[in-house]
Structure formats: structure tokens, C-alpha cells
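Participant: What follows is a single structure, and I will ask about it in a moment.
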Amino acid sequence: MLTLVTVIYGTNPTFRTELFGSVLSILKLRERTDTRVLVYTDRLLEDFPLPIDQYVITPAEWKEWTRGSELTHLVKLHLVLRTLEDSGHPVIYFDTDTLFLASPESIATRLSATTALMHASEGPIGDDADGIWVKICEWLGHDGRTVHGIHLSPASVMHNSGIVGVRPEHISALQKAILLADALQEVDPIFSIDQFATGSALGEIAQVLNCEKEVLHYWGWRRGFIRHAIERFRLQNNGASPEDLCRNFNLAELSGLPAIHWQDRLLARVTRWLRGYDAHTGFACLALRSAMRHEHTDPTLANLWFNVHLQFLKKCRSDDKNNASIKTELANQHSACMRWLDAGNSMALRELRHSAPE
């Protein structure tokens, strides 16, 4: 028996769309009918069109699991441990922004007393380009320190917890991961502490394997496009049975990205070369061209591309020459887009303009 478990909270409908997609991918590919999906939630999911088991997290449990903090990801540590203890069988945790590309049972065959699963390796925390782990790395010191029996240092590797696959033999490691996360939170409450603690604790007793090829974890700028495709499929198949939904669900089609027109690619590449833009700025320009191409034919897709444009524009290097050049070049194009931008993009654009250096 295998349990697939996840968590969803709050009222944002996009997360329910993601859950629909991830659960449907599991049901479509599963090989055994006793492979079940368990969803932890802060409120009952009524009228969910797919067969799932639900566990409603009490306010007291939520407060205990997050230690009363804003680090909502900490609940993962507790629900994976509880599910494993309750079931006595292998458990695979999945984030809602995932699509299974292989059967969950085949993925679970890689689990053993000496092997665990997480989605992907993100490298040593000391190599973090965004500087998120600086404070904790300083606390650990160059040679590291032992925390709850686990030696940590800036060279310690973090694994992405979009997937966490474990067996009952790993219970002690998950218990230790909770203690480790609590200790690190006291140093710096980083949002991804849960996955670093999970990978570090599991790595003490097992080899942590990755499953990027078997599970698509579509966080980042691709997320909006895949959400859009899943929601469109859901609406087109509203009222269909779970069997028909599985039959009609095309993973390859829904997990793909919109095509980028060759003219937009060429013009963006030439602009980047002429202006000396970095990769982030170049892709920001390409996303803007894609947005403007779709403004009349598909406003939703146009807004998704514009959101990607803003995401990458915020990552642009901050030297005065390029900021001034980018600001001048894009000002007229941004003004032309205002007539079709949705409320979220309009607000984000105003905030970006306000924060941009002169």
C-alpha cells in the first residue's frame, strides 16, 4: 500500500486548481487501486471532483506545527511524519504544483531502508546566489557545527521538497528533522528551512535520491502557464466522472509551455546583443514581446507573459547604465499595455516603477 500526501490551505483558488492537476496525474498513472491520496487542509474541500481522503488540521495543530510563525512550510514535516506513523507503509509527499509523469508505484520502488526520495538537489547552501542562507552559514561557520546529532556546514546540500518519499525506517530521521528545523528557525526563519532540515536528516541514515524526470515540479515562472492549462481543462470537463477525467487528461499537453514566436525570439536576441543586456533582462524583453503578441487573441495568456516579464525585470542587474536604458526603452511599451493588463499586473507595474532607480 502507498499513500500520496499533500497539504492545501487558505482560500486562493489557484492552489485548488494545482491540487486538481496533481491528483489527476496520480490517478491517471497509478497501477494499484489501493494507492490513495491524502490531503491535509485547514478547511474541508467540498465538491472536489476526484477521490481523496481529507484530514482537517485543527487550529491548535497548525499553531504547534508552525511554532506560531509565518513559516507555513513547516507543516510538511509534521504531516509526512504523522502519515508515515499512521500508515506503516511507504509515503510520498507532493507539493500541489507537481505533475506525476510516471506511476507513483514505480517511483516508490526506489525507496528502501537506505534510500529516500526528494525532488531535486539544489546544491550547497553556501553557494546560494541570492544570499538567503548567509546568516545561517555564518552561524554554522566554515567547518560547520553539529545540531541535534547532524553535522551541518555551508557545504551541506539542500534538496527540494516538492517530493519527499520515505518508508517507516525513516521515522527517526523525520523526528530529528523537526528538531533541526526548530533550531535553524531560531537563527533565521527562512521559508525553505523545512526542505533543508528534511534532506539533512534523511541524509544521515539514507542516500537521498532525486526524481526530476518522474515528477514535474513547475514552480517559478512556468507555474502560471501550467495552472492556466489545468484550469482550462477542468472547466472544459466540468461534471465529468473521475474515469473520464483521467482518460482525457493529456499530461504532455498540459505540462508544456506556450510556443514563442520565432520573430519575438530573434528580435529579443538582437536587442540583448545590441544593448548588452544580461540573461534576465533579455528574457524579460522576450516575455514582453510575447505578451504584446497575445493581447488581442488571448488576454489571459498575454497577462501571464506580462507577469513573467515583470518577474525577470526585477532580477535585472542594477548598474546605472542598464537601468536607465531599460527604463527608457520599456516606458512606452508599458504604457501601451495598461489598457489590457489585469489588476494584479497593473499594481505590480506601478510598484516596479515606484521602486526603480532614477
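Letters A, B, ... mark the chains of the C-alpha cells in the order given; residue numbers begin at 1 per chain; ligand numbers begin at 1, in order shown.
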Per residue of segment 117-184 of chain A within 12 Å of segment 71-95 of chain A, record the nearest atom pair and its distance in Å to one decimal, counting only C-alpha atoms, with rows in chain order and ascending residue number, as a Markdown table.
Facilitator:
```
| residue | atom | partner | partner_atom | distance |
| --- | --- | --- | --- | --- |
| A:Leu117 | CA | A:Ile92 | CA | 8.3 |
| A:Met118 | CA | A:Tyr93 | CA | 9.1 |
| A:His119 | CA | A:Phe94 | CA | 9.1 |
| A:Asn160 | CA | A:Asp95 | CA | 10.4 |
| A:Ser161 | CA | A:Asp95 | CA | 7.8 |
| A:Gly162 | CA | A:Asp95 | CA | 4.9 |
| A:Ile163 | CA | A:Phe94 | CA | 4.7 |
| A:Val164 | CA | A:Tyr93 | CA | 4.9 |
| A:Gly165 | CA | A:Ile92 | CA | 4.2 |
| A:Val166 | CA | A:Val91 | CA | 5.5 |
| A:Arg167 | CA | A:Pro90 | CA | 4.5 |
| A:Pro168 | CA | A:Gly88 | CA | 5.9 |
| A:Glu169 | CA | A:Pro90 | CA | 9.4 |
| A:His170 | CA | A:Leu84 | CA | 8.9 |
| A:Ile171 | CA | A:Leu81 | CA | 6.6 |
| A:Ser172 | CA | A:Leu81 | CA | 9.2 |
| A:Ala173 | CA | A:Leu81 | CA | 9.5 |
| A:Leu174 | CA | A:Leu81 | CA | 6.2 |
| A:Gln175 | CA | A:Leu81 | CA | 7.3 |
| A:Lys176 | CA | A:Leu77 | CA | 10.0 |
| A:Ala177 | CA | A:Leu77 | CA | 7.3 |
| A:Ile178 | CA | A:Leu77 | CA | 6.3 |
| A:Leu179 | CA | A:Leu77 | CA | 10.1 |
| A:Leu180 | CA | A:Leu77 | CA | 10.7 |
| A:Ala181 | CA | A:Leu74 | CA | 7.9 |
| A:Asp182 | CA | A:Leu74 | CA | 9.2 |
| A:Leu184 | CA | A:Leu74 | CA | 11.8 |
```
Participant: Can I get the selection written as a PDB file, in the first residue's frame, with N, CA and C atoms?
Facilitator:
```pdb
ATOM      1  N   LEU A 117      13.668   9.672  -1.043  1.00  0.00           N
ATOM      2  CA  LEU A 117      13.476  10.467  -2.254  1.00  0.00           C
ATOM      3  C   LEU A 117      13.168  11.919  -1.920  1.00  0.00           C
ATOM      4  N   MET A 118      13.773  12.837  -2.667  1.00  0.00           N
ATOM      5  CA  MET A 118      13.336  14.221  -2.693  1.00  0.00           C
ATOM      6  C   MET A 118      13.389  14.659  -4.145  1.00  0.00           C
ATOM      7  N   HIS A 119      12.796  15.804  -4.461  1.00  0.00           N
ATOM      8  CA  HIS A 119      12.618  16.096  -5.879  1.00  0.00           C
ATOM      9  C   HIS A 119      13.915  16.346  -6.622  1.00  0.00           C
ATOM     10  N   ASN A 160      15.248  19.827  -2.864  1.00  0.00           N
ATOM     11  CA  ASN A 160      13.911  20.411  -2.976  1.00  0.00           C
ATOM     12  C   ASN A 160      12.865  19.432  -2.453  1.00  0.00           C
ATOM     13  N   SER A 161      11.942  19.941  -1.631  1.00  0.00           N
ATOM     14  CA  SER A 161      10.949  19.073  -1.000  1.00  0.00           C
ATOM     15  C   SER A 161       9.606  19.085  -1.718  1.00  0.00           C
ATOM     16  N   GLY A 162       9.614  19.415  -3.022  1.00  0.00           N
ATOM     17  CA  GLY A 162       8.377  19.254  -3.796  1.00  0.00           C
ATOM     18  C   GLY A 162       7.922  17.814  -3.787  1.00  0.00           C
ATOM     19  N   ILE A 163       8.888  16.899  -3.612  1.00  0.00           N
ATOM     20  CA  ILE A 163       8.622  15.471  -3.393  1.00  0.00           C
ATOM     21  C   ILE A 163       9.462  15.017  -2.207  1.00  0.00           C
ATOM     22  N   VAL A 164       8.836  14.269  -1.291  1.00  0.00           N
ATOM     23  CA  VAL A 164       9.567  13.616  -0.200  1.00  0.00           C
ATOM     24  C   VAL A 164       9.038  12.196  -0.108  1.00  0.00           C
ATOM     25  N   GLY A 165       9.886  11.236  -0.444  1.00  0.00           N
ATOM     26  CA  GLY A 165       9.489   9.832  -0.384  1.00  0.00           C
ATOM     27  C   GLY A 165      10.212   9.120   0.745  1.00  0.00           C
ATOM     28  N   VAL A 166       9.446   8.471   1.612  1.00  0.00           N
ATOM     29  CA  VAL A 166      10.024   7.839   2.804  1.00  0.00           C
ATOM     30  C   VAL A 166       9.338   6.509   3.113  1.00  0.00           C
ATOM     31  N   ARG A 167      10.011   5.732   3.956  1.00  0.00           N
ATOM     32  CA  ARG A 167       9.486   4.472   4.468  1.00  0.00           C
ATOM     33  C   ARG A 167       9.486   4.507   6.004  1.00  0.00           C
ATOM     34  N   PRO A 168       8.820   3.556   6.663  1.00  0.00           N
ATOM     35  CA  PRO A 168       8.805   3.564   8.133  1.00  0.00           C
ATOM     36  C   PRO A 168      10.196   3.563   8.761  1.00  0.00           C
ATOM     37  N   GLU A 169      11.194   3.008   8.060  1.00  0.00           N
ATOM     38  CA  GLU A 169      12.554   3.005   8.602  1.00  0.00           C
ATOM     39  C   GLU A 169      13.128   4.414   8.741  1.00  0.00           C
ATOM     40  N   HIS A 170      12.475   5.394   8.145  1.00  0.00           N
ATOM     41  CA  HIS A 170      12.981   6.770   8.176  1.00  0.00           C
ATOM     42  C   HIS A 170      12.301   7.635   9.238  1.00  0.00           C
ATOM     43  N   ILE A 171      11.465   7.048  10.062  1.00  0.00           N
ATOM     44  CA  ILE A 171      10.716   7.828  11.056  1.00  0.00           C
ATOM     45  C   ILE A 171      11.646   8.596  11.977  1.00  0.00           C
ATOM     46  N   SER A 172      12.707   7.959  12.433  1.00  0.00           N
ATOM     47  CA  SER A 172      13.620   8.637  13.362  1.00  0.00           C
ATOM     48  C   SER A 172      14.259   9.862  12.715  1.00  0.00           C
ATOM     49  N   ALA A 173      14.555   9.771  11.421  1.00  0.00           N
ATOM     50  CA  ALA A 173      15.148  10.911  10.722  1.00  0.00           C
ATOM     51  C   ALA A 173      14.150  12.056  10.610  1.00  0.00           C
ATOM     52  N   LEU A 174      12.891  11.749  10.348  1.00  0.00           N
ATOM     53  CA  LEU A 174      11.877  12.797  10.242  1.00  0.00           C
ATOM     54  C   LEU A 174      11.638  13.468  11.593  1.00  0.00           C
ATOM     55  N   GLN A 175      11.694  12.675  12.659  1.00  0.00           N
ATOM     56  CA  GLN A 175      11.582  13.271  14.002  1.00  0.00           C
ATOM     57  C   GLN A 175      12.731  14.234  14.257  1.00  0.00           C
ATOM     58  N   LYS A 176      13.915  13.841  13.826  1.00  0.00           N
ATOM     59  CA  LYS A 176      15.087  14.696  14.003  1.00  0.00           C
ATOM     60  C   LYS A 176      15.004  15.935  13.104  1.00  0.00           C
ATOM     61  N   ALA A 177      14.390  15.795  11.939  1.00  0.00           N
ATOM     62  CA  ALA A 177      14.241  16.933  11.026  1.00  0.00           C
ATOM     63  C   ALA A 177      13.414  18.051  11.665  1.00  0.00           C
ATOM     64  N   ILE A 178      12.409  17.672  12.441  1.00  0.00           N
ATOM     65  CA  ILE A 178      11.581  18.669  13.124  1.00  0.00           C
ATOM     66  C   ILE A 178      12.420  19.445  14.132  1.00  0.00           C
ATOM     67  N   LEU A 179      13.230  18.738  14.902  1.00  0.00           N
ATOM     68  CA  LEU A 179      14.105  19.400  15.874  1.00  0.00           C
ATOM     69  C   LEU A 179      15.114  20.300  15.166  1.00  0.00           C
ATOM     70  N   LEU A 180      15.640  19.821  14.058  1.00  0.00           N
ATOM     71  CA  LEU A 180      16.623  20.581  13.301  1.00  0.00           C
ATOM     72  C   LEU A 180      16.005  21.865  12.738  1.00  0.00           C
ATOM     73  N   ALA A 181      14.799  21.768  12.205  1.00  0.00           N
ATOM     74  CA  ALA A 181      14.117  22.940  11.667  1.00  0.00           C
ATOM     75  C   ALA A 181      13.848  23.964  12.761  1.00  0.00           C
ATOM     76  N   ASP A 182      13.459  23.485  13.934  1.00  0.00           N
ATOM     77  CA  ASP A 182      13.216  24.402  15.057  1.00  0.00           C
ATOM     78  C   ASP A 182      14.489  25.162  15.431  1.00  0.00           C
ATOM     79  N   LEU A 184      17.168  25.789  13.508  1.00  0.00           N
ATOM     80  CA  LEU A 184      17.566  26.707  12.446  1.00  0.00           C
ATOM     81  C   LEU A 184      16.638  27.910  12.374  1.00  0.00           C
TER      82      LEU A 184
END
```
Participant: Give me, as a list in words, all polymer residues having an atom no more than 9 Å from Lys314 of chain A, counting only C-alpha atoms and skipping those fewer than 2 positions away in the same chain.
Facilitator: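 Close residues of Lys314 of chain A: His280, Thr281, His309, Leu310, Gln311, Phe312, Cys316, Arg317 and Leu352 of chain A.
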Participant: Identify which of the residues A:Ala108, A:Ile57, A:Ala279, A:Ala302 lies closest to Leu4 of chain A, counting only C-alpha atoms when measuring atom-to-atom distances.
Facilitator: A:Ala108
Participant: From the list A:Val39, A:Val208, A:Asp143, A:Ile193, which residue is nearest Thr115 of chain A when using only C-alpha atoms?
Facilitator: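 The closest residue to Thr115 of chain A is A:Val208.
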Participant: Quick one, how far is atom CA of Glu122 of chain A from atom CA of Asp194 of chain A?
Facilitator: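 About the pair atom CA of Glu122 of chain A and atom CA of Asp194 of chain A: they are 13.8 Å apart.
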Participant: Quick one: distance from atom CA of Leu19 of chain A to atom CA of Glu31 of chain A in Å, one decimal?
Facilitator: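 Spanning atom CA of Leu19 of chain A to atom CA of Glu31 of chain A is a straight-line distance of 20.0 Å.
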Participant: What are the DSSP strand (DSSP E or B) residues of segment 134-172 of chain A, as a ChimeraX atom specification?
Facilitator: /A:145-147,150-152,157-166
Participant: Take the residues just selected and output them with N, CA and C atoms as a PDB file, in the first residue's frame.
Facilitator:
```pdb
ATOM      1  N   ARG A 145      28.918  22.914  12.267  1.00  0.00           N
ATOM      2  CA  ARG A 145      28.643  22.519  13.655  1.00  0.00           C
ATOM      3  C   ARG A 145      27.610  21.406  13.658  1.00  0.00           C
ATOM      4  N   THR A 146      27.568  20.696  14.764  1.00  0.00           N
ATOM      5  CA  THR A 146      26.621  19.591  14.906  1.00  0.00           C
ATOM      6  C   THR A 146      25.367  20.085  15.610  1.00  0.00           C
ATOM      7  N   VAL A 147      24.222  19.853  14.975  1.00  0.00           N
ATOM      8  CA  VAL A 147      22.930  20.290  15.507  1.00  0.00           C
ATOM      9  C   VAL A 147      22.030  19.063  15.633  1.00  0.00           C
ATOM     10  N   ILE A 150      23.381  16.079  13.904  1.00  0.00           N
ATOM     11  CA  ILE A 150      23.597  16.157  12.460  1.00  0.00           C
ATOM     12  C   ILE A 150      24.628  17.247  12.174  1.00  0.00           C
ATOM     13  N   HIS A 151      25.693  16.899  11.501  1.00  0.00           N
ATOM     14  CA  HIS A 151      26.726  17.886  11.188  1.00  0.00           C
ATOM     15  C   HIS A 151      26.309  18.689   9.956  1.00  0.00           C
ATOM     16  N   LEU A 152      26.263  19.995  10.129  1.00  0.00           N
ATOM     17  CA  LEU A 152      25.872  20.916   9.064  1.00  0.00           C
ATOM     18  C   LEU A 152      26.989  21.912   8.809  1.00  0.00           C
ATOM     19  N   VAL A 157      24.237  20.065   1.369  1.00  0.00           N
ATOM     20  CA  VAL A 157      23.384  20.184   0.183  1.00  0.00           C
ATOM     21  C   VAL A 157      21.917  20.245   0.572  1.00  0.00           C
ATOM     22  N   MET A 158      21.199  21.141  -0.096  1.00  0.00           N
ATOM     23  CA  MET A 158      19.757  21.208   0.118  1.00  0.00           C
ATOM     24  C   MET A 158      19.042  20.518  -1.035  1.00  0.00           C
ATOM     25  N   HIS A 159      18.031  19.722  -0.706  1.00  0.00           N
ATOM     26  CA  HIS A 159      17.206  19.048  -1.703  1.00  0.00           C
ATOM     27  C   HIS A 159      15.815  19.667  -1.688  1.00  0.00           C
ATOM     28  N   ASN A 160      15.248  19.827  -2.864  1.00  0.00           N
ATOM     29  CA  ASN A 160      13.911  20.411  -2.976  1.00  0.00           C
ATOM     30  C   ASN A 160      12.865  19.432  -2.453  1.00  0.00           C
ATOM     31  N   SER A 161      11.942  19.941  -1.631  1.00  0.00           N
ATOM     32  CA  SER A 161      10.949  19.073  -1.000  1.00  0.00           C
ATOM     33  C   SER A 161       9.606  19.085  -1.718  1.00  0.00           C
ATOM     34  N   GLY A 162       9.614  19.415  -3.022  1.00  0.00           N
ATOM     35  CA  GLY A 162       8.377  19.254  -3.796  1.00  0.00           C
ATOM     36  C   GLY A 162       7.922  17.814  -3.787  1.00  0.00           C
ATOM     37  N   ILE A 163       8.888  16.899  -3.612  1.00  0.00           N
ATOM     38  CA  ILE A 163       8.622  15.471  -3.393  1.00  0.00           C
ATOM     39  C   ILE A 163       9.462  15.017  -2.207  1.00  0.00           C
ATOM     40  N   VAL A 164       8.836  14.269  -1.291  1.00  0.00           N
ATOM     41  CA  VAL A 164       9.567  13.616  -0.200  1.00  0.00           C
ATOM     42  C   VAL A 164       9.038  12.196  -0.108  1.00  0.00           C
ATOM     43  N   GLY A 165       9.886  11.236  -0.444  1.00  0.00           N
ATOM     44  CA  GLY A 165       9.489   9.832  -0.384  1.00  0.00           C
ATOM     45  C   GLY A 165      10.212   9.120   0.745  1.00  0.00           C
ATOM     46  N   VAL A 166       9.446   8.471   1.612  1.00  0.00           N
ATOM     47  CA  VAL A 166      10.024   7.839   2.804  1.00  0.00           C
ATOM     48  C   VAL A 166       9.338   6.509   3.113  1.00  0.00           C
TER      49      VAL A 166
END
```
Participant: Within segment 263-317 of chain A, find each residue whose DSSP state, derived from the backbone, is helix (DSSP H, G or I), and express the selection as a PyMOL selection string.
Facilitator: chain A and resi 263-275+279-294+299-313
Participant: Deliver the residues from the most recent selection as a file, using C-alpha atoms, as a JSON list (two decimals), in the first residue's frame.
Facilitator:
```json
[["chain", "number", "residue", "atom", "x", "y", "z"],
["A", 263, "GLN", "CA", 10.22, 36.72, -34.69],
["A", 264, "ASP", "CA", 10.00, 37.55, -30.99],
["A", 265, "ARG", "CA", 12.96, 35.29, -30.24],
["A", 266, "LEU", "CA", 15.02, 36.90, -32.98],
["A", 267, "LEU", "CA", 14.19, 40.50, -32.03],
["A", 268, "ALA", "CA", 14.83, 39.84, -28.34],
["A", 269, "ARG", "CA", 18.18, 38.22, -29.14],
["A", 270, "VAL", "CA", 19.24, 41.16, -31.33],
["A", 271, "THR", "CA", 18.12, 43.68, -28.70],
["A", 272, "ARG", "CA", 20.06, 41.88, -25.99],
["A", 273, "TRP", "CA", 23.21, 41.83, -28.14],
["A", 274, "LEU", "CA", 22.95, 45.49, -29.14],
["A", 275, "ARG", "CA", 22.21, 46.77, -25.63],
["A", 279, "ALA", "CA", 20.19, 36.99, -19.50],
["A", 280, "HIS", "CA", 17.43, 38.12, -17.12],
["A", 281, "THR", "CA", 16.91, 41.39, -18.98],
["A", 282, "GLY", "CA", 16.94, 39.60, -22.33],
["A", 283, "PHE", "CA", 14.25, 37.15, -21.25],
["A", 284, "ALA", "CA", 12.22, 40.00, -19.72],
["A", 285, "CYS", "CA", 12.18, 41.64, -23.15],
["A", 286, "LEU", "CA", 11.22, 38.36, -24.84],
["A", 287, "ALA", "CA", 8.35, 37.85, -22.37],
["A", 288, "LEU", "CA", 7.09, 41.37, -23.04],
["A", 289, "ARG", "CA", 7.08, 40.77, -26.80],
["A", 290, "SER", "CA", 5.16, 37.52, -26.24],
["A", 291, "ALA", "CA", 2.65, 39.34, -24.04],
["A", 292, "MET", "CA", 2.00, 42.04, -26.63],
["A", 293, "ARG", "CA", 1.63, 39.42, -29.39],
["A", 294, "HIS", "CA", -1.26, 37.77, -27.49],
["A", 299, "PRO", "CA", -5.72, 38.35, -22.98],
["A", 300, "THR", "CA", -5.23, 35.74, -20.26],
["A", 301, "LEU", "CA", -2.11, 34.37, -21.94],
["A", 302, "ALA", "CA", -0.92, 37.94, -22.56],
["A", 303, "ASN", "CA", -1.20, 38.72, -18.86],
["A", 304, "LEU", "CA", 0.65, 35.54, -17.93],
["A", 305, "TRP", "CA", 3.52, 36.55, -20.20],
["A", 306, "PHE", "CA", 3.49, 40.09, -18.81],
["A", 307, "ASN", "CA", 3.75, 38.69, -15.29],
["A", 308, "VAL", "CA", 6.82, 36.71, -16.40],
["A", 309, "HIS", "CA", 8.20, 39.92, -17.89],
["A", 310, "LEU", "CA", 7.89, 41.67, -14.53],
["A", 311, "GLN", "CA", 9.42, 38.73, -12.64],
["A", 312, "PHE", "CA", 12.55, 38.82, -14.78],
["A", 313, "LEU", "CA", 12.69, 42.59, -14.89]]
```
Participant: One number please: atom CA of Glu138 of chain A to atom CA of Phe196 of chain A, in Å, one decimal.
Facilitator: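 Taking atom CA of Glu138 of chain A as the start and atom CA of Phe196 of chain A as the end point, the length is 16.1 Å.
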Participant: Nearest residue to Ala113 of chain A out of A:Pro51, A:Pro242, A:Gly21, A:Gly203, using only C-alpha atoms?
Facilitator: A:Gly203
Participant: Counting only C-alpha atoms, figure out which residue out of A:Met347, A:Leu27, A:Leu245, A:Ile260 gets nearest to Ala102 of chain A.
Facilitator: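 Looking only at the distances to Ala102 of chain A, the closest residue turns out to be A:Leu27.
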Participant: Counting only C-alpha atoms, which residues in segment 83-106 of chain A sit no more than 9 Å from segment 248-255 of chain A? For each one, give the nearest pair of atoms and the distance in Å, sorted by chain then residue number, as a tab-separated table.
Facilitator:
```
residue	atom	partner	partner_atom	distance
A:Leu99	CA	A:Ser255	CA	7.7
A:Phe100	CA	A:Leu251	CA	8.5
A:Leu101	CA	A:Leu251	CA	7.4
```
Participant: From the set A:Arg339, A:Arg353, A:Glu186, A:Asp278, which residue has the shortest atom-to-atom contact distance to Arg67 of chain A, counting only C-alpha atoms?
Facilitator: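 Ranking A:Arg339, A:Arg353, A:Glu186, A:Asp278 by distance to Arg67 of chain A, first place goes to A:Glu186.
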Participant: Need the shell around segment 8-17 of chain A: protein/DNA/RNA residues with any atom at most 8 Å away, counting only C-alpha atoms. Skip same-chain ones fewer than 2 positions apart. Format as a VMD selection string?
Facilitator: chain A and resid 6 19 to 21 39 to 43 96 to 97 227 230 to 231
